[in-house]
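The file data.cif contains mmCIF, C-alpha atoms:
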data_final
#
loop_
_atom_site.label_atom_id
_atom_site.label_comp_id
_atom_site.auth_asym_id
_atom_site.auth_seq_id
_atom_site.Cartn_x
_atom_site.Cartn_y
_atom_site.Cartn_z
CA MET A 1 12.85 10.48 13.07
CA PHE A 2 12.73 8.50 9.84
CA GLN A 3 15.72 9.26 7.58
CA GLY A 4 15.29 6.62 4.91
CA PHE A 5 16.73 3.15 4.52
CA ASN A 6 20.43 2.28 4.31
CA GLU A 7 23.08 -0.10 3.05
CA SER A 8 22.26 -2.59 5.80
CA THR A 9 18.79 -2.92 4.26
CA ILE A 10 20.29 -4.00 0.95
CA MET A 11 22.95 -6.22 2.48
CA TYR A 12 20.39 -8.11 4.54
CA TYR A 13 18.10 -8.86 1.62
CA GLU A 14 21.02 -9.78 -0.63
CA ALA A 15 22.09 -12.31 1.99
CA ILE A 16 18.71 -14.03 2.25
CA ARG A 17 18.20 -13.95 -1.51
CA LYS A 18 21.35 -16.07 -1.83
CA GLU A 19 20.16 -18.51 0.82
CA ASN A 20 16.79 -18.25 2.53
CA CYS A 21 17.10 -20.04 5.87
CA LYS A 22 16.93 -19.24 9.58
CA ARG A 23 20.70 -19.49 9.94
CA VAL A 24 21.17 -16.63 7.48
CA TYR A 25 18.87 -14.47 9.58
CA GLN A 26 20.82 -15.33 12.72
CA ASP A 27 24.12 -14.54 10.99
CA ASN A 28 22.75 -11.22 9.71
CA GLU A 29 20.49 -10.17 12.56
CA ARG A 30 22.39 -6.92 13.09
CA LEU A 31 21.83 -5.99 9.44
CA TYR A 32 18.12 -6.70 9.88
CA LEU A 33 17.87 -4.57 13.03
CA ASP A 34 19.78 -1.64 11.52
CA GLY A 35 18.46 -1.82 7.97
CA VAL A 36 14.88 -3.03 8.36
CA LYS A 37 13.45 -3.03 11.87
CA SER A 38 14.80 0.34 13.02
CA PRO A 39 13.82 2.40 9.94
CA LEU A 40 10.45 0.62 9.72
CA ASP A 41 9.72 1.51 13.33
CA GLU A 42 10.59 5.14 12.61
CA LEU A 43 8.45 5.16 9.47
CA TYR A 44 5.57 3.58 11.37
CA PHE A 45 5.54 6.37 13.97
CA GLU A 46 5.68 9.05 11.26
CA LEU A 47 2.73 7.45 9.45
CA TYR A 48 0.84 6.85 12.68
CA HIS A 49 0.97 10.59 13.34
CA TYR A 50 -0.18 11.27 9.77
CA PHE A 51 -3.15 8.88 9.90
CA HIS A 52 -4.14 10.23 13.31
CA GLU A 53 -5.17 13.34 11.38
CA VAL A 54 -6.67 11.50 8.38
CA ASP A 55 -8.84 8.80 9.98
CA ARG A 56 -8.30 7.27 13.40
CA ASP A 57 -10.08 4.12 12.22
CA LEU A 58 -6.83 3.32 10.39
CA LEU A 59 -4.71 3.35 13.54
CA SER A 60 -3.35 0.03 14.77
CA ASN A 61 -0.48 -1.05 16.95
CA ARG A 62 2.93 -1.63 15.46
CA ARG A 63 2.63 -5.42 15.36
CA ARG A 64 -0.46 -5.25 13.14
CA CYS A 65 1.06 -2.72 10.73
CA ILE A 66 4.66 -3.84 10.18
CA SER A 67 5.86 -7.02 8.50
CA SER A 68 7.90 -9.53 10.47
CA ALA A 69 11.16 -11.10 9.35
CA TYR A 70 9.60 -14.56 8.97
CA ASN A 71 7.02 -15.93 6.57
CA ASP A 72 4.01 -17.84 7.87
CA ALA A 73 5.31 -21.42 8.16
CA ARG A 74 2.05 -22.77 6.70
CA PHE A 75 2.60 -21.00 3.37
CA CYS A 76 6.34 -20.32 3.07
CA CYS A 77 7.15 -23.23 0.68
CA GLY A 78 10.64 -23.75 2.11
CA ALA A 79 11.48 -20.01 2.31
CA PRO A 80 11.15 -19.11 6.00
CA LEU A 81 12.35 -15.50 5.62
CA LYS A 82 10.45 -12.69 3.93
CA GLU A 83 12.39 -11.24 0.99
CA TYR A 84 10.40 -8.01 1.24
CA PHE A 85 9.01 -5.74 3.95
CA TYR A 86 5.96 -3.54 4.35
CA ILE A 87 3.89 -1.18 6.44
CA ARG A 88 0.10 -1.27 6.11
CA PHE A 89 -2.53 0.86 7.80
CA LYS A 90 -5.77 -1.00 7.08
CA LEU A 91 -9.33 -0.62 8.27
CA ASN A 92 -10.22 -3.40 10.66
CA LYS A 93 -13.21 -5.33 9.39
CA THR A 94 -14.95 -8.28 11.02
CA ASN A 95 -15.09 -10.36 7.84
CA LYS A 96 -11.71 -9.08 6.49
CA LYS A 97 -13.21 -8.61 3.00
CA ASN A 98 -12.84 -5.36 1.04
CA ALA A 99 -10.62 -3.72 3.66
CA LEU A 100 -9.23 -0.36 2.56
CA GLY A 101 -5.60 0.24 3.41
CA PHE A 102 -2.63 2.51 2.75
CA PHE A 103 0.65 0.69 2.22
CA PHE A 104 4.38 0.88 1.59
CA ASP A 105 6.14 -2.25 0.26
CA ALA A 106 9.81 -2.72 -0.64
CA SER A 107 12.30 -5.36 -1.75
CA LEU A 108 15.49 -5.54 -3.80
CA ASP A 109 13.31 -5.20 -6.88
CA GLY A 110 12.02 -1.76 -5.87
CA TYR A 111 9.32 -0.19 -3.74
CA LYS A 112 5.71 0.90 -4.09
CA TYR A 113 3.11 2.72 -2.05
CA GLY A 114 -0.51 3.77 -2.33
CA LEU A 115 -4.07 2.79 -1.47
CA ASP A 116 -5.43 -0.72 -1.98
CA ILE A 117 -8.47 -2.85 -1.20
CA TYR A 118 -7.41 -6.03 0.58
CA LYS A 119 -9.27 -9.28 -0.05
CA PRO A 120 -11.64 -7.69 -2.58
CA ASP A 121 -14.67 -9.51 -3.88
CA ALA A 122 -17.42 -8.79 -6.39
CA SER A 123 -19.74 -7.33 -3.76
CA GLY A 124 -17.11 -4.74 -2.84
CA ILE A 125 -16.51 -3.46 -6.37
CA ASN A 126 -20.29 -3.47 -6.96
CA LYS A 127 -20.77 -1.22 -3.91
CA ILE A 128 -18.12 1.17 -5.23
CA ARG A 129 -19.69 1.16 -8.69
CA ASP A 130 -23.18 1.80 -7.28
CA TYR A 131 -21.87 4.63 -5.13
CA ILE A 132 -20.26 6.33 -8.12
CA LEU A 133 -23.42 5.98 -10.18
CA ASP A 134 -25.55 7.35 -7.35
CA ASN A 135 -23.19 10.27 -6.73
CA LYS A 136 -21.89 11.10 -10.20
CA HIS A 137 -21.17 14.78 -9.65
CA SER A 138 -19.21 14.45 -6.40
CA ALA A 139 -17.50 11.24 -7.53
CA LYS A 140 -16.35 12.90 -10.75
CA LYS A 141 -14.86 15.79 -8.76
CA VAL A 142 -12.93 13.36 -6.52
CA ILE A 143 -11.65 11.43 -9.54
CA GLU A 144 -10.66 14.59 -11.41
CA ASP A 145 -8.72 15.90 -8.40
CA PHE A 146 -6.94 12.54 -8.08
CA ASN A 147 -6.09 12.54 -11.79
CA LYS A 148 -4.83 16.13 -11.65
CA ALA A 149 -2.44 15.33 -8.79
CA GLY A 150 -0.92 12.49 -10.85
CA LEU A 151 1.05 11.01 -7.94
CA LEU A 152 -0.51 7.54 -8.00
CA GLU A 153 -1.52 5.38 -10.94
CA LEU A 154 -4.93 3.74 -11.24
CA HIS A 155 -4.63 -0.06 -11.42
CA GLY A 156 -7.13 -2.84 -11.93
CA GLU A 157 -8.16 -5.21 -14.72
CA LYS A 158 -10.87 -3.88 -17.00
CA TYR A 159 -13.78 -5.81 -18.43
CA LYS A 160 -13.09 -6.98 -21.96
CA LYS A 161 -16.47 -5.63 -23.05
CA ALA A 162 -17.58 -2.18 -21.95
CA HIS A 163 -20.42 -2.26 -19.42
CA TYR A 164 -20.96 1.50 -19.10
CA PRO A 165 -20.27 3.02 -22.55
CA LYS A 166 -22.81 5.83 -22.05
CA GLU A 167 -21.31 7.16 -18.81
CA ASP A 168 -18.92 10.09 -18.59
CA ILE A 169 -15.43 9.07 -19.76
CA ILE A 170 -13.98 10.15 -16.39
CA LEU A 171 -16.32 7.79 -14.55
CA GLN A 172 -15.88 4.99 -17.08
CA GLU A 173 -12.20 4.57 -16.13
CA TRP A 174 -13.35 3.41 -12.70
CA LEU A 175 -16.70 1.80 -13.52
CA GLU A 176 -15.21 -0.59 -16.09
CA ARG A 177 -12.77 -2.27 -13.69
CA LYS A 178 -13.07 -5.63 -11.94
CA ARG A 179 -11.00 -4.27 -9.06
CA ILE A 180 -9.26 -1.01 -8.28
CA SER A 181 -6.12 0.24 -6.55
CA PHE A 182 -3.88 3.32 -6.60
CA ILE A 183 -0.13 2.71 -6.72
CA HIS A 184 3.22 4.34 -7.38
CA LYS A 185 6.15 2.04 -8.21
CA GLU A 186 9.82 2.99 -8.13
CA ASN A 187 13.20 1.33 -8.55
CA LEU A 188 15.62 1.60 -5.66
CA GLY A 189 17.58 4.82 -5.94
CA ALA A 190 18.89 7.79 -3.99
CA ILE A 191 15.43 8.74 -2.70
CA PHE A 192 15.16 5.36 -0.94
CA TYR A 193 18.05 6.32 1.34
CA GLY A 194 16.75 9.65 2.61
CA ARG A 195 13.79 11.40 4.18
CA GLU A 196 12.57 12.46 0.76
CA ILE A 197 10.91 9.08 0.33
CA LEU A 198 8.63 9.89 3.29
CA ASN A 199 7.75 13.27 1.81
CA ASN A 200 6.82 11.55 -1.47
CA ILE A 201 4.72 8.95 0.31
CA LEU A 202 2.82 11.56 2.30
CA SER A 203 2.20 13.69 -0.79
CA ALA A 204 0.82 10.63 -2.59
CA PHE A 205 -1.39 9.73 0.36
CA ASP A 206 -2.68 13.31 0.43
CA SER A 207 -3.57 13.01 -3.26
CA VAL A 208 -5.75 9.95 -2.63
CA LYS A 209 -7.26 11.01 0.71
CA GLU A 210 -10.62 12.06 -0.78
CA VAL A 211 -10.69 8.83 -2.78
CA TYR A 212 -10.20 6.90 0.45
CA ILE A 213 -13.05 8.77 2.14
CA MET A 214 -15.34 8.10 -0.85
CA LEU A 215 -14.47 4.40 -1.00
CA LYS A 216 -14.85 3.99 2.75
CA GLU A 217 -18.35 5.43 2.52
CA ALA A 218 -19.14 3.22 -0.45
CA LEU A 219 -17.97 0.03 1.24
#
Encoding of this model in structure tokens:
Amino acid sequence: MFQGFNESTIMYYEAIRKENCKRVYQDNERLYLDGVKSPLDELYFELYHYFHEVDRDLLSNRRRCISSAYNDARFCCGAPLKEYFYIRFKLNKTNKKNALGFFFDASLDGYKYGLDIYKPDASGINKIRDYILDNKHSAKKVIEDFNKAGLLELHGEKYKKAHYPKEDIILQEWLERKRISFIHKENLGAIFYGREILNNILSAFDSVKEVYIMLKEAL
């Protein structure tokens, strides 16, 4: 059962922040196992059970959902070790574009969780926009319920010039964005070290569940 992260989590990432090399991982492997791998495994199984009830299309094996200790050697730029960790439950798509996914990310700088669209492109946001315009009443209800919950913040760059000034103000907040995501950010604190962080994550995911269903249909 997931009970939060611990001091080993912090100690491990402090070590690799000072010197990011394979030797540091080897010297601190026990910290990694106790502070990162073990709690991430526990969190994965808790979330797997949750998403089993939400949408089984999100379910993937552990290796696909959990970050590894090492960066991809092709892109690491001399930093072989990841200085952050994550869990992601994403929809599997053939072309990998506009893939909806729930996530939890953390590092020494803090943690965040929510719903995102991975590898978005213009066609994806256009499909979402068209869906909202074609289903204004139901889309507005979904957006209002999300806003009322207030557990995740709407993110995404807006157009400099309004494209839909005549639409309902509730819909405009989504229609006028080049991309869209739903995120809660937090500094590391007491919640990070206990089960309460899981309860907060699940409550936030619940608050965006209908949004996920709408966006999945749109995309």
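Minimum atom-to-atom distances from A:Ala190, A:Val54, A:Leu91, A:Leu175 to Asp130 (chain A) were compared using all atoms listed in the file, and the lowest value belongs to A:Leu175.
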I would like the residues chosen by the PyMOL selection byres ((chain A and resi 181) around 8) on the shown file; could you give them as an MDAnalysis selection string? chainID A and resid 114:117 154:156 179:180 182:183
Let me know the residues the PyMOL selection byres ((chain A and resi 61-77) around 8) catches in the file above, as a ChimeraX atom specification. /A:40-41,44,59-60,78-82,85-90
Could you check which of A:Asn20, A:Ser123, A:Ser38, A:Asn92 is closest to Ala218 (chain A), using all atoms listed in the file? A:Ser123
Apply the PyMOL selection byres ((chain A and resi 2) around 7) to the displayed file and report the matching residues as a list in words. Met1, Gln3, Gly4, Pro39, Glu42, Leu43 and Arg195 of chain A
Using only C-alpha atoms and a cutoff of 12 Å, can you tell me which residues are near (17.7, -4.8, 14.6) in the file's coordinates, and write them out as JSON, numbers by chain? {"A": [8, 9, 12, 25, 26, 28, 29, 30, 31, 32, 33, 34, 35, 36, 37, 38, 39, 40, 41, 68, 69]}
Could you tell me how far CA of Phe45 (chain A) lies from CA of Gly150 (chain A), in Å and to one decimal? 26.4 Å
Just to confirm, what's the straight-line distance from CA of Lys112 (chain A) to CA of Tyr13 (chain A) in Å (one decimal)?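 Between CA of Lys112 (chain A) and CA of Tyr13 (chain A) the gap is 16.8 Å.
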Counting all atoms listed in the file, which residues have an atom no more than 10 Å from (6.9, 1.0, -3.1) in the file's coordinates? Please list them as a list in words.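 Returned residue set, sorted by chain then number, is Phe85, Tyr86, Phe103, Phe104, Asp105, Ala106, Ser107, Asp109, Gly110, Tyr111, Lys112, Tyr113, Gly114, Ile183, His184, Lys185, Glu186, Asn187, Leu188, Phe192, Ile197 and Ile201 of chain A.
Proximity to Asp145 (chain A) was assessed for A:Glu46, A:Asp206, A:Glu157, A:Asp168 counting only C-alpha atoms; the smallest distance is recorded for A:Asp206.
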Find the distance between CA of Leu100 (chain A) and CA of Glu83 (chain A) and write it in Å to one decimal.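 One can read the CA of Leu100 (chain A) to CA of Glu83 (chain A) distance as 24.3 Å.
Proximity of A:Ile125, A:Leu219, A:Leu198, A:Val211 to Ser138 (chain A), computed with only C-alpha atoms, is greatest for A:Val211.
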Give me the residues within 10 Å of Lys140 (chain A) as a PDB file with C-alpha atoms, in the coordinates of the input, counting all atoms listed in the file and dropping any in the same chain fewer than 5 places off.
ATOM      1  CA  ILE A 132     -20.260   6.330  -8.120  1.00  0.00           C
ATOM      2  CA  LEU A 133     -23.420   5.980 -10.180  1.00  0.00           C
ATOM      3  CA  ASN A 135     -23.190  10.270  -6.730  1.00  0.00           C
ATOM      4  CA  ASP A 145      -8.720  15.900  -8.400  1.00  0.00           C
ATOM      5  CA  PHE A 146      -6.940  12.540  -8.080  1.00  0.00           C
ATOM      6  CA  ASP A 168     -18.920  10.090 -18.590  1.00  0.00           C
ATOM      7  CA  ILE A 169     -15.430   9.070 -19.760  1.00  0.00           C
ATOM      8  CA  ILE A 170     -13.980  10.150 -16.390  1.00  0.00           C
ATOM      9  CA  LEU A 171     -16.320   7.790 -14.550  1.00  0.00           C
TER      10      LEU A 171
END
